[in-house]
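Student: Input structure: work.cif, which contains mmCIF, C-alpha atoms.
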data_coords
#
loop_
_atom_site.label_atom_id
_atom_site.label_comp_id
_atom_site.auth_asym_id
_atom_site.auth_seq_id
_atom_site.Cartn_x
_atom_site.Cartn_y
_atom_site.Cartn_z
CA MET P 17 10.42 150.61 -126.56
CA LYS P 18 12.88 149.62 -129.24
CA THR P 19 15.76 147.85 -127.62
CA MET P 20 18.43 145.79 -129.31
CA LYS P 21 21.36 146.70 -127.17
CA ASN P 22 22.15 143.27 -125.78
CA LYS P 23 21.38 141.14 -128.80
CA GLY P 24 23.73 140.27 -131.62
CA GLN P 25 22.89 141.10 -135.21
CA LEU P 26 22.03 138.36 -137.70
CA ILE P 27 23.68 139.11 -141.05
CA VAL P 28 22.63 137.09 -144.09
CA ILE P 29 25.02 137.25 -147.02
CA SER P 30 23.80 135.89 -150.30
CA GLY P 31 24.07 136.29 -154.06
CA PRO P 32 24.23 134.33 -157.31
CA SER P 33 26.73 131.45 -157.41
CA GLY P 34 30.11 132.65 -158.59
CA CYS P 35 29.68 136.13 -157.05
CA GLY P 36 32.39 135.29 -154.52
CA LYS P 37 30.38 135.51 -151.32
CA ASP P 38 32.53 132.96 -149.46
CA THR P 39 35.74 134.80 -150.37
CA VAL P 40 34.26 138.15 -149.32
CA VAL P 41 33.13 136.75 -145.97
CA LYS P 42 36.54 135.20 -145.33
CA GLU P 43 38.00 138.70 -145.82
CA VAL P 44 35.26 140.26 -143.64
CA LEU P 45 36.20 137.98 -140.75
CA LYS P 46 39.84 139.05 -140.95
CA THR P 47 38.86 142.55 -139.78
CA ASN P 48 35.68 141.81 -137.88
CA LYS P 49 36.81 139.69 -134.97
CA LYS P 50 33.49 140.00 -133.14
CA ALA P 51 31.29 138.21 -135.65
CA TRP P 52 30.69 134.47 -135.68
CA LEU P 53 30.29 132.52 -138.92
CA SER P 54 27.44 130.03 -138.88
CA ILE P 55 28.29 126.66 -140.44
CA SER P 56 25.60 124.85 -142.44
CA CYS P 57 24.70 121.18 -142.24
CA THR P 58 24.64 118.94 -145.28
CA SER P 59 23.93 115.32 -146.09
CA ARG P 60 26.19 115.35 -149.15
CA LYS P 61 29.28 113.14 -149.06
CA ILE P 62 32.44 114.66 -147.63
CA ARG P 63 34.92 115.48 -150.44
CA PRO P 64 38.72 115.63 -150.31
CA GLY P 65 39.66 118.94 -148.74
CA ASP P 66 36.37 119.29 -146.85
CA VAL P 67 36.72 119.83 -143.12
CA ASP P 68 33.82 118.66 -140.96
CA GLY P 69 32.69 121.53 -138.73
CA LYS P 70 34.50 124.10 -140.85
CA ASP P 71 33.09 123.81 -144.36
CA TYR P 72 29.94 122.01 -143.26
CA TYR P 73 28.66 119.76 -140.54
CA PHE P 74 28.44 116.50 -142.45
CA LEU P 75 25.43 114.39 -141.48
CA THR P 76 23.87 111.22 -142.85
CA LYS P 77 20.57 111.56 -144.65
CA GLU P 78 18.85 109.99 -141.63
CA GLU P 79 20.50 112.34 -139.15
CA PHE P 80 19.50 115.30 -141.31
CA GLU P 81 15.89 114.12 -141.57
CA ASP P 82 15.73 113.64 -137.80
CA LYS P 83 16.85 117.24 -137.33
CA ILE P 84 14.17 118.39 -139.79
CA LYS P 85 11.53 116.52 -137.75
CA ARG P 86 12.76 118.12 -134.54
CA GLY P 87 12.53 121.60 -136.15
CA GLU P 88 16.22 122.26 -135.71
CA PHE P 89 16.72 124.19 -138.96
CA LEU P 90 16.11 127.86 -139.62
CA GLU P 91 15.73 126.78 -143.25
CA TYR P 92 16.75 123.80 -145.33
CA ALA P 93 16.58 122.73 -148.95
CA LYS P 94 17.36 119.74 -151.11
CA TYR P 95 19.69 120.16 -154.11
CA SER P 96 20.41 117.15 -156.34
CA ASP P 97 19.32 114.70 -153.66
CA ASN P 98 21.44 116.29 -150.93
CA TYR P 99 20.10 118.27 -148.02
CA TYR P 100 21.55 121.64 -146.99
CA GLY P 101 20.33 123.44 -143.88
CA THR P 102 20.99 126.19 -141.36
CA PRO P 103 21.02 124.95 -137.77
CA LYS P 104 18.90 127.18 -135.54
CA ASP P 105 20.08 126.60 -131.95
CA ALA P 106 23.71 127.72 -132.29
CA ILE P 107 22.63 130.93 -134.05
CA GLU P 108 20.10 131.83 -131.38
CA GLU P 109 22.59 131.11 -128.64
CA LYS P 110 25.22 133.43 -130.16
CA LEU P 111 22.69 136.19 -130.82
CA ASN P 112 21.47 135.98 -127.22
CA GLN P 113 25.08 136.32 -126.08
CA GLY P 114 25.26 139.61 -128.02
CA ILE P 115 27.45 138.12 -130.76
CA ASP P 116 26.83 139.03 -134.42
CA VAL P 117 26.20 135.99 -136.60
CA ILE P 118 27.08 135.85 -140.29
CA LEU P 119 25.24 133.41 -142.49
CA VAL P 120 26.41 132.74 -146.06
CA ILE P 121 23.55 131.17 -147.95
CA GLU P 122 21.98 130.64 -151.36
CA ILE P 123 19.30 133.12 -152.47
CA GLN P 124 16.33 130.80 -151.98
CA GLY P 125 17.39 129.98 -148.43
CA ALA P 126 17.92 133.66 -147.67
CA LEU P 127 14.42 134.49 -148.85
CA LYS P 128 12.98 131.81 -146.56
CA ILE P 129 14.78 133.38 -143.61
CA LYS P 130 13.55 136.82 -144.62
CA GLU P 131 9.98 135.64 -144.18
CA GLN P 132 10.69 134.54 -140.60
CA LEU P 133 13.12 136.97 -139.01
CA LYS P 134 12.76 140.70 -138.54
CA ASN P 135 15.78 142.91 -137.86
CA THR P 136 18.01 140.67 -139.95
CA LEU P 137 20.50 142.43 -142.19
CA PHE P 138 20.33 141.11 -145.76
CA ILE P 139 23.33 141.78 -147.97
CA PHE P 140 23.40 140.79 -151.64
CA ILE P 141 26.78 140.25 -153.30
CA LEU P 142 26.99 140.88 -157.04
CA PRO P 143 29.81 140.22 -159.51
CA PRO P 144 31.14 143.41 -161.16
CA SER P 145 29.87 142.17 -164.52
CA ILE P 146 28.45 139.03 -166.05
CA LYS P 147 31.54 138.66 -168.23
CA GLU P 148 33.54 138.41 -164.99
CA LEU P 149 31.04 135.91 -163.51
CA LYS P 150 31.30 133.77 -166.67
CA LYS P 151 35.09 133.84 -166.46
CA ARG P 152 35.05 132.86 -162.79
CA LEU P 153 32.61 129.97 -163.30
CA GLU P 154 34.41 128.66 -166.39
CA ASN P 155 37.82 128.95 -164.69
CA ARG P 156 36.68 126.77 -161.82
CA ASN P 157 36.98 123.87 -164.28
CA THR P 158 34.90 121.74 -161.95
CA GLU P 159 31.66 121.88 -163.87
CA THR P 160 30.28 120.91 -167.23
CA LYS P 161 29.03 123.54 -169.65
CA GLU P 162 25.51 122.30 -168.94
CA ALA P 163 25.97 122.88 -165.22
CA ILE P 164 27.25 126.41 -165.86
CA THR P 165 24.35 127.11 -168.21
CA LYS P 166 22.01 125.95 -165.45
CA ARG P 167 23.69 128.36 -163.02
CA PHE P 168 23.15 131.26 -165.43
CA GLN P 169 19.51 130.31 -165.91
CA ILE P 170 19.08 130.41 -162.13
CA ALA P 171 21.03 133.70 -161.88
CA TYR P 172 18.72 135.21 -164.49
CA LYS P 173 15.70 134.33 -162.36
CA GLU P 174 17.28 135.30 -159.06
CA ILE P 175 19.03 138.57 -159.79
CA ASN P 176 15.84 140.58 -159.35
CA THR P 177 15.46 139.35 -155.79
CA VAL P 178 18.14 141.92 -154.90
CA ASN P 179 15.20 144.24 -154.23
CA LYS P 180 14.26 142.12 -151.21
CA TYR P 181 17.65 142.76 -149.62
CA ASN P 182 18.78 145.79 -147.61
CA TYR P 183 22.18 146.31 -149.17
CA VAL P 184 24.00 145.37 -152.35
CA VAL P 185 27.77 145.06 -152.54
CA ILE P 186 29.57 144.68 -155.85
CA ASN P 187 32.49 142.28 -155.51
CA ASP P 188 35.02 143.89 -157.80
CA ILE P 189 38.03 143.88 -155.47
CA VAL P 190 37.55 141.48 -152.55
CA GLU P 191 39.12 143.81 -149.96
CA ASP P 192 36.83 146.68 -151.01
CA ALA P 193 33.75 144.48 -150.95
CA ALA P 194 34.69 143.21 -147.47
CA LYS P 195 35.22 146.77 -146.26
CA LYS P 196 31.74 147.65 -147.50
CA VAL P 197 30.20 144.65 -145.73
CA ASN P 198 31.96 145.59 -142.49
CA SER P 199 30.83 149.21 -142.87
CA ILE P 200 27.24 148.05 -143.31
CA ILE P 201 27.51 145.96 -140.13
CA ILE P 202 28.94 148.93 -138.17
CA SER P 203 26.43 151.45 -139.50
CA GLU P 204 23.48 149.16 -138.80
CA LYS P 205 24.23 149.56 -135.10
CA CYS P 206 23.93 153.35 -135.44
CA ARG P 207 20.46 153.40 -137.03
CA VAL P 208 18.22 155.79 -135.14
CA ASP P 209 15.13 153.68 -135.77
CA LEU P 210 16.76 150.72 -134.01
CA MET P 211 18.04 152.88 -131.16
CA ASP P 212 17.31 152.11 -127.56
CA ASP P 213 14.85 154.80 -126.44
CA GLU P 214 15.98 154.28 -122.87
CA PHE P 215 19.36 155.76 -123.71
CA ILE P 216 17.81 159.07 -124.79
CA ASN P 217 15.53 159.05 -121.74
CA SER P 218 18.52 158.58 -119.46
CA LEU P 219 20.39 161.46 -121.16
CA GLU P 220 17.35 163.70 -120.68
CA GLU P 221 17.19 162.78 -117.00
CA GLU P 222 20.89 163.52 -116.58
CA ILE P 223 20.52 166.94 -118.24
CA HIS P 224 17.61 167.65 -115.93
CA GLU P 225 19.81 166.84 -112.93
CA VAL P 226 22.58 169.15 -114.17
CA LEU P 227 20.04 171.95 -114.60
CA LEU P 228 18.74 171.42 -111.05
CA GLU P 229 22.30 171.45 -109.72
CA TYR P 230 23.11 174.74 -111.54
CA ASP P 231 19.83 176.17 -110.33
CA SER P 232 20.57 175.37 -106.66
CA THR P 233 24.11 176.77 -106.79
CA ASN P 234 22.78 180.00 -108.35
CA LYS P 235 20.46 180.65 -105.41
CA MET Q 20 14.04 154.74 -161.94
CA LYS Q 21 16.09 155.42 -158.86
CA THR Q 22 19.44 156.74 -159.91
CA MET Q 23 22.04 158.44 -157.75
CA LYS Q 24 25.13 157.07 -159.36
CA ASN Q 25 26.70 160.31 -160.53
CA LYS Q 26 25.73 162.61 -157.69
CA GLY Q 27 27.63 163.15 -154.47
CA GLN Q 28 26.02 162.50 -151.12
CA LEU Q 29 25.13 165.38 -148.79
CA ILE Q 30 25.99 164.42 -145.21
CA VAL Q 31 24.69 166.62 -142.39
CA ILE Q 32 26.45 166.15 -139.07
CA SER Q 33 24.84 167.72 -136.06
CA GLY Q 34 24.35 167.35 -132.32
CA PRO Q 35 24.20 169.33 -129.09
CA SER Q 36 27.01 171.79 -128.48
CA GLY Q 37 29.90 170.13 -126.68
CA CYS Q 38 29.26 166.74 -128.32
CA GLY Q 39 32.48 167.13 -130.28
CA LYS Q 40 31.10 167.15 -133.80
CA ASP Q 41 33.91 169.31 -135.20
CA THR Q 42 36.59 167.03 -133.73
CA VAL Q 43 34.86 163.92 -135.08
CA VAL Q 44 34.59 165.43 -138.57
CA LYS Q 45 38.26 166.45 -138.52
CA GLU Q 46 39.06 162.78 -137.81
CA VAL Q 47 36.59 161.59 -140.48
CA LEU Q 48 38.37 163.67 -143.12
CA LYS Q 49 41.72 162.08 -142.26
CA THR Q 50 40.46 158.75 -143.62
CA ASN Q 51 37.85 159.91 -146.09
CA LYS Q 52 39.81 161.81 -148.70
CA LYS Q 53 36.89 161.98 -151.12
CA ALA Q 54 34.53 164.09 -149.05
CA TRP Q 55 34.50 167.88 -149.09
CA LEU Q 56 33.77 169.91 -145.96
CA SER Q 57 31.39 172.81 -146.52
CA ILE Q 58 32.45 176.04 -144.78
CA SER Q 59 29.73 178.25 -143.29
CA CYS Q 60 29.45 182.02 -143.60
CA THR Q 61 29.16 184.30 -140.58
CA SER Q 62 28.86 187.99 -139.87
CA ARG Q 63 30.49 187.68 -136.46
CA LYS Q 64 33.82 189.39 -135.93
CA ILE Q 65 36.92 187.38 -136.77
CA ARG Q 66 38.67 186.24 -133.57
CA PRO Q 67 42.36 185.54 -132.95
CA GLY Q 68 43.07 182.08 -134.37
CA ASP Q 69 40.17 182.22 -136.87
CA VAL Q 70 41.16 181.58 -140.47
CA ASP Q 71 38.92 183.14 -143.11
CA GLY Q 72 37.81 180.45 -145.56
CA LYS Q 73 38.78 177.66 -143.17
CA ASP Q 74 36.81 178.20 -139.98
CA TYR Q 75 34.22 180.43 -141.65
CA TYR Q 76 33.82 182.80 -144.51
CA PHE Q 77 33.75 186.08 -142.63
CA LEU Q 78 31.32 188.62 -144.11
CA THR Q 79 30.04 191.99 -143.01
CA LYS Q 80 26.43 192.19 -141.85
CA GLU Q 81 25.54 193.96 -145.12
CA GLU Q 82 27.27 191.35 -147.30
CA PHE Q 83 25.44 188.60 -145.40
CA GLU Q 84 22.07 190.29 -145.79
CA ASP Q 85 22.67 190.77 -149.53
CA LYS Q 86 23.32 187.03 -149.83
CA ILE Q 87 20.08 186.33 -147.93
CA LYS Q 88 18.19 188.54 -150.40
CA ARG Q 89 19.73 186.71 -153.34
CA GLY Q 90 18.68 183.34 -151.85
CA GLU Q 91 22.25 182.14 -151.61
CA PHE Q 92 21.84 180.19 -148.35
CA LEU Q 93 20.59 176.66 -147.86
CA GLU Q 94 19.69 177.83 -144.36
CA TYR Q 95 20.76 180.65 -142.08
CA ALA Q 96 20.08 181.79 -138.53
CA LYS Q 97 20.89 184.67 -136.22
CA TYR Q 98 22.52 183.92 -132.85
CA SER Q 99 23.27 186.81 -130.46
CA ASP Q 100 23.07 189.38 -133.26
CA ASN Q 101 25.39 187.46 -135.59
CA TYR Q 102 24.34 185.67 -138.75
CA TYR Q 103 25.43 182.10 -139.53
CA GLY Q 104 24.56 180.47 -142.84
CA THR Q 105 25.27 177.60 -145.22
CA PRO Q 106 26.14 178.79 -148.74
CA LYS Q 107 24.18 176.87 -151.35
CA ASP Q 108 26.10 177.20 -154.64
CA ALA Q 109 29.38 175.55 -153.63
CA ILE Q 110 27.51 172.56 -152.16
CA GLU Q 111 25.42 172.01 -155.28
CA GLU Q 112 28.48 172.33 -157.48
CA LYS Q 113 30.38 169.67 -155.53
CA LEU Q 114 27.39 167.32 -155.38
CA ASN Q 115 26.93 167.64 -159.15
CA GLN Q 116 30.59 166.74 -159.61
CA GLY Q 117 29.90 163.51 -157.70
CA ILE Q 118 31.73 164.68 -154.58
CA ASP Q 119 30.31 163.94 -151.12
CA VAL Q 120 29.74 167.07 -149.05
CA ILE Q 121 29.92 167.13 -145.26
CA LEU Q 122 28.08 169.86 -143.42
CA VAL Q 123 28.64 170.40 -139.69
CA ILE Q 124 25.75 172.40 -138.37
CA GLU Q 125 23.65 173.21 -135.30
CA ILE Q 126 20.49 171.18 -134.75
CA GLN Q 127 18.04 173.92 -135.75
CA GLY Q 128 19.88 174.50 -139.04
CA ALA Q 129 19.96 170.77 -139.73
CA LEU Q 130 16.22 170.49 -139.23
CA LYS Q 131 15.65 173.33 -141.71
CA ILE Q 132 17.73 171.44 -144.29
CA LYS Q 133 15.82 168.25 -143.57
CA GLU Q 134 12.61 169.96 -144.66
CA GLN Q 135 14.16 170.88 -148.02
CA LEU Q 136 16.45 168.09 -149.16
CA LYS Q 137 15.64 164.45 -149.74
CA ASN Q 138 18.35 161.79 -149.87
CA THR Q 139 20.45 163.71 -147.37
CA LEU Q 140 22.19 161.64 -144.73
CA PHE Q 141 21.55 163.03 -141.24
CA ILE Q 142 23.96 161.95 -138.50
CA PHE Q 143 23.48 162.98 -134.87
CA ILE Q 144 26.53 163.03 -132.60
CA LEU Q 145 25.94 162.44 -128.90
CA PRO Q 146 28.29 162.70 -125.94
CA PRO Q 147 28.79 159.36 -124.10
CA SER Q 148 27.12 160.83 -121.01
CA ILE Q 149 25.90 164.17 -119.74
CA LYS Q 150 28.57 164.13 -117.02
CA GLU Q 151 31.14 164.02 -119.81
CA LEU Q 152 29.37 166.84 -121.70
CA LYS Q 153 29.33 168.96 -118.52
CA LYS Q 154 33.03 168.33 -118.00
CA ARG Q 155 33.84 169.26 -121.60
CA LEU Q 156 31.79 172.46 -121.51
CA GLU Q 157 33.14 173.52 -118.11
CA ASN Q 158 36.73 172.72 -119.13
CA ARG Q 159 36.48 175.01 -122.14
CA ASN Q 160 36.77 177.87 -119.61
CA THR Q 161 35.49 180.25 -122.25
CA GLU Q 162 31.93 180.61 -120.99
CA THR Q 163 30.12 181.80 -117.90
CA LYS Q 164 28.06 179.43 -115.82
CA GLU Q 165 24.95 181.15 -117.18
CA ALA Q 166 26.03 180.48 -120.75
CA ILE Q 167 26.64 176.80 -119.96
CA THR Q 168 23.26 176.56 -118.20
CA LYS Q 169 21.71 178.04 -121.34
CA ARG Q 170 23.43 175.37 -123.44
CA PHE Q 171 22.03 172.61 -121.24
CA GLN Q 172 18.55 174.09 -121.46
CA ILE Q 173 18.85 174.02 -125.25
CA ALA Q 174 20.30 170.47 -125.18
CA TYR Q 175 17.34 169.34 -123.07
CA LYS Q 176 14.94 170.65 -125.71
CA GLU Q 177 16.96 169.40 -128.67
CA ILE Q 178 18.03 165.93 -127.66
CA ASN Q 179 14.72 164.41 -128.74
CA THR Q 180 15.21 165.64 -132.29
CA VAL Q 181 17.59 162.68 -132.69
CA ASN Q 182 14.51 160.81 -133.93
CA LYS Q 183 14.49 163.01 -137.03
CA TYR Q 184 17.98 161.84 -137.98
CA ASN Q 185 19.00 158.64 -139.78
CA TYR Q 186 21.94 157.65 -137.61
CA VAL Q 187 23.24 158.36 -134.13
CA VAL Q 188 26.91 158.12 -133.23
CA ILE Q 189 28.10 158.27 -129.63
CA ASN Q 190 31.34 160.20 -129.38
CA ASP Q 191 33.13 158.27 -126.68
CA ILE Q 192 36.49 157.80 -128.40
CA VAL Q 193 36.93 160.20 -131.33
CA GLU Q 194 38.61 157.62 -133.60
CA ASP Q 195 35.78 155.14 -133.04
CA ALA Q 196 33.12 157.77 -133.66
CA ALA Q 197 34.87 158.84 -136.88
CA LYS Q 198 35.07 155.22 -138.01
CA LYS Q 199 31.34 154.88 -137.47
CA VAL Q 200 30.62 158.04 -139.46
CA ASN Q 201 32.79 156.81 -142.32
CA SER Q 202 31.09 153.40 -142.21
CA ILE Q 203 27.70 155.09 -142.43
CA ILE Q 204 28.87 157.07 -145.48
CA ILE Q 205 30.17 153.89 -147.17
CA SER Q 206 27.10 151.78 -146.37
CA GLU Q 207 24.72 154.49 -147.58
CA LYS Q 208 26.10 153.94 -151.09
CA CYS Q 209 25.16 150.24 -150.85
CA ARG Q 210 21.49 150.74 -149.94
CA VAL Q 211 19.32 148.67 -152.26
CA ASP Q 212 16.51 151.24 -152.18
CA LEU Q 213 18.87 153.88 -153.57
CA MET Q 214 20.34 151.52 -156.14
CA ASP Q 215 20.41 152.32 -159.82
CA ASP Q 216 17.85 149.99 -161.40
CA GLU Q 217 19.67 150.29 -164.71
CA PHE Q 218 22.59 148.36 -163.28
CA ILE Q 219 20.40 145.33 -162.55
CA ASN Q 220 18.75 145.64 -165.97
CA SER Q 221 22.15 145.63 -167.65
CA LEU Q 222 23.22 142.52 -165.67
CA GLU Q 223 20.03 140.76 -166.75
CA GLU Q 224 20.71 141.64 -170.38
CA GLU Q 225 24.27 140.35 -170.11
CA ILE Q 226 23.09 137.05 -168.59
CA HIS Q 227 20.60 136.73 -171.40
CA GLU Q 228 23.41 137.18 -173.94
CA VAL Q 229 25.52 134.50 -172.22
CA LEU Q 230 22.58 132.10 -172.30
CA LEU Q 231 22.06 132.77 -176.04
CA GLU Q 232 25.77 132.18 -176.63
CA TYR Q 233 25.73 128.86 -174.74
CA ASP Q 234 22.54 127.91 -176.56
CA SER Q 235 24.08 128.52 -180.00
CA THR Q 236 27.27 126.60 -179.23
CA ASN Q 237 25.21 123.67 -177.96
CA LYS Q 238 23.38 123.33 -181.27
#
For the structure just supplied, provide its representation as structure tokens.

Tutor:
Amino acid sequence: MKTMKNKGQLIVISGPSGCGKDTVVKEVLKTNKKAWLSISCTSRKIRPGDVDGKDYYFLTKEEFEDKIKRGEFLEYAKYSDNYYGTPKDAIEEKLNQGIDVILVIEIQGALKIKEQLKNTLFIFILPPSIKELKKRLENRNTETKEAITKRFQIAYKEINTVNKYNYVVINDIVEDAAKKVNSIIISEKCRVDLMDDEFINSLEEEIHEVLLEYDSTNK
Amino acid sequence: MKTMKNKGQLIVISGPSGCGKDTVVKEVLKTNKKAWLSISCTSRKIRPGDVDGKDYYFLTKEEFEDKIKRGEFLEYAKYSDNYYGTPKDAIEEKLNQGIDVILVIEIQGALKIKEQLKNTLFIFILPPSIKELKKRLENRNTETKEAITKRFQIAYKEINTVNKYNYVVINDIVEDAAKKVNSIIISEKCRVDLMDDEFINSLEEEIHEVLLEYDSTNK
């Protein structure tokens, strides 16, 4: 029996840096009031503008390593001496409550989750063109040319991993991209191969009852 | 190479009689201005309220049989001495122009199409409950109890064919059902396994060019 009716859907949204995945998800959540955005943990220092519990849960290196030891992450990674990780418990709790959970995550982290979790919806966000991606990264003005070059080298390696995802959404206009993501989330719930067989069985039984009722009144 | 970029999507919408598929599609077309609704041909007599070319293309029995001989139907069937068929040419023309085509059709006709056409999107509409279906059929007041019984006998046989479809939409509230159908149509265009590989290849090439550019300016 394939039953998913009472469980929420885990939705992993990923893509090369600069593709605009955070902006798309912000727009997704404006329309989709039923989904819950999972917040990652990090051991990096809190920066001006960062809000603890909104942008990240900010932990010390020791706190983070304790959580690793206790197996509290769905996945974690270390970038330039800082840890980043996806806390497991809150996600499972929401899913068990029937709430959809959205996870915005780097490609490597997404691939780690893919190895572990079936029935997860993997959506890859792409920039409309590389020219546009270059413009966006350069306009951020927060990174050196070397750092941007590094990002492109990674993007070059990672872009082919799109084939491991279920859906690809091109982020040309944010509102359109968000509409596509929301459509994917809605349509996923209508997939016949994830349908609850019990529902069809109950319809069959009900039809059978109607036929018996007609039969008895015809006698 | 998997390429679908310039072709429209054929969308087959089916379900047991009384499920409300025509009403749902009418609602779908209010939002989705890009899809084209295919009109069936029939040899049954035109009834008051019928509009030729809107409800059906009304043909004589001889005209219909000539079209059968010329292979002009995607599928056809005979119900109570009347022919019903899906004209092929108009559909292919629209699909080749990149226009999505919606086909509302009985379950048996849909299954015949399924045998012939790959990459077609099959959506099954279900009533929210059989009680509701019974109410809808009885409230039509256009059929005898025997005719309704016959419909339920057919529904009993056909309801399991839902497993041959891609998506199932429960028609509880028409607007919600239509939103689901439109979401399925949108998300289908984002499926990675139907993606144009050339697009990813072109992104890779563009990244490569950016890297060369950065490399030369760093020298």

Student: For this structure, which residues satisfy the selection - the PyMOL selection byres ((chain P) within 6 of (chain Q)) - when it is evaluated on the file as given? I want them as number ranges by chain.

Tutor: P: 146, 182-184, 199-200, 203, 206-208, 222

Student: Translate the PyMOL selection byres ((chain Q and resi 38) around 8) into a concrete residue list for this structure, as an MDAnalysis selection string.

Tutor: chainID Q and resid 34:37 39:40 144:146 152 190

Student: Rounded to one decimal, what separation in Å do you get between atom CA of Q:Asp191 and atom CA of P:Ala194?

Tutor: 25.7 Å

Student: Distance atom CA of P:Leu75-atom CA of P:Glu43, one decimal place?

Tutor: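 So the answer is 27.7 Å.
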
Student: Distance atom CA of Q:Ser57-atom CA of Q:Val193, one decimal place?

Tutor: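 So the answer is 20.5 Å.
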
Student: From (17.6, 169.7, -143.0), in the file's coordinates, out to 12 Å: which residues are reached, counting only C-alpha atoms? Answer as a PyMOL selection string.

Tutor: chain Q and resi 29-33+93-95+105+122-142+180+183-185

Student: Assuming the chain letters and numbering stay as they are in my file, what does the PyMOL selection byres ((chain Q and resi 55) around 8) actually select? List them as a VMD selection string.

Tutor: chain Q and resid 53 to 54 56 to 57 113 118 to 121

Student: Considering only C-alpha atoms, return as JSON, numbers by chain whatever protein or nucleic-acid residues lie within 12 Å of Q:Glu82, sequence-local ones (same chain, fewer than 6 positions apart) excluded.

Tutor: {"Q": [60, 61, 62, 63, 76, 88, 89, 91, 102]}

Student: Using the atoms already present, construct N, CA and C atoms for stretch 188-200 of chain Q and hand them back as a CSV table (one decimal), keeping the file's coordinate frame.

Tutor:
chain,number,residue,atom,x,y,z
Q,188,VAL,N,25.6,158.6,-133.5
Q,188,VAL,CA,26.9,158.1,-133.2
Q,188,VAL,C,27.3,158.7,-131.9
Q,189,ILE,N,27.7,157.8,-131.0
Q,189,ILE,CA,28.1,158.3,-129.6
Q,189,ILE,C,29.6,158.5,-129.7
Q,190,ASN,N,29.9,159.8,-129.3
Q,190,ASN,CA,31.3,160.2,-129.4
Q,190,ASN,C,32.1,159.9,-128.1
Q,191,ASP,N,32.4,158.7,-127.9
Q,191,ASP,CA,33.1,158.3,-126.7
Q,191,ASP,C,34.6,158.4,-127.0
Q,192,ILE,N,35.1,157.7,-127.9
Q,192,ILE,CA,36.5,157.8,-128.4
Q,192,ILE,C,36.4,158.4,-129.8
Q,193,VAL,N,37.1,159.5,-130.1
Q,193,VAL,CA,36.9,160.2,-131.3
Q,193,VAL,C,37.2,159.3,-132.5
Q,194,GLU,N,38.3,158.5,-132.5
Q,194,GLU,CA,38.6,157.6,-133.6
Q,194,GLU,C,37.5,156.6,-133.9
Q,195,ASP,N,36.9,156.1,-132.8
Q,195,ASP,CA,35.8,155.1,-133.0
Q,195,ASP,C,34.6,155.8,-133.6
Q,196,ALA,N,34.3,157.0,-133.1
Q,196,ALA,CA,33.1,157.8,-133.7
Q,196,ALA,C,33.3,158.1,-135.1
Q,197,ALA,N,34.6,158.5,-135.5
Q,197,ALA,CA,34.9,158.8,-136.9
Q,197,ALA,C,34.8,157.6,-137.8
Q,198,LYS,N,35.2,156.5,-137.2
Q,198,LYS,CA,35.1,155.2,-138.0
Q,198,LYS,C,33.6,154.9,-138.3
Q,199,LYS,N,32.8,155.1,-137.3
Q,199,LYS,CA,31.3,154.9,-137.5
Q,199,LYS,C,30.7,155.8,-138.5
Q,200,VAL,N,31.1,157.1,-138.5
Q,200,VAL,CA,30.6,158.0,-139.5
Q,200,VAL,C,31.1,157.6,-140.9
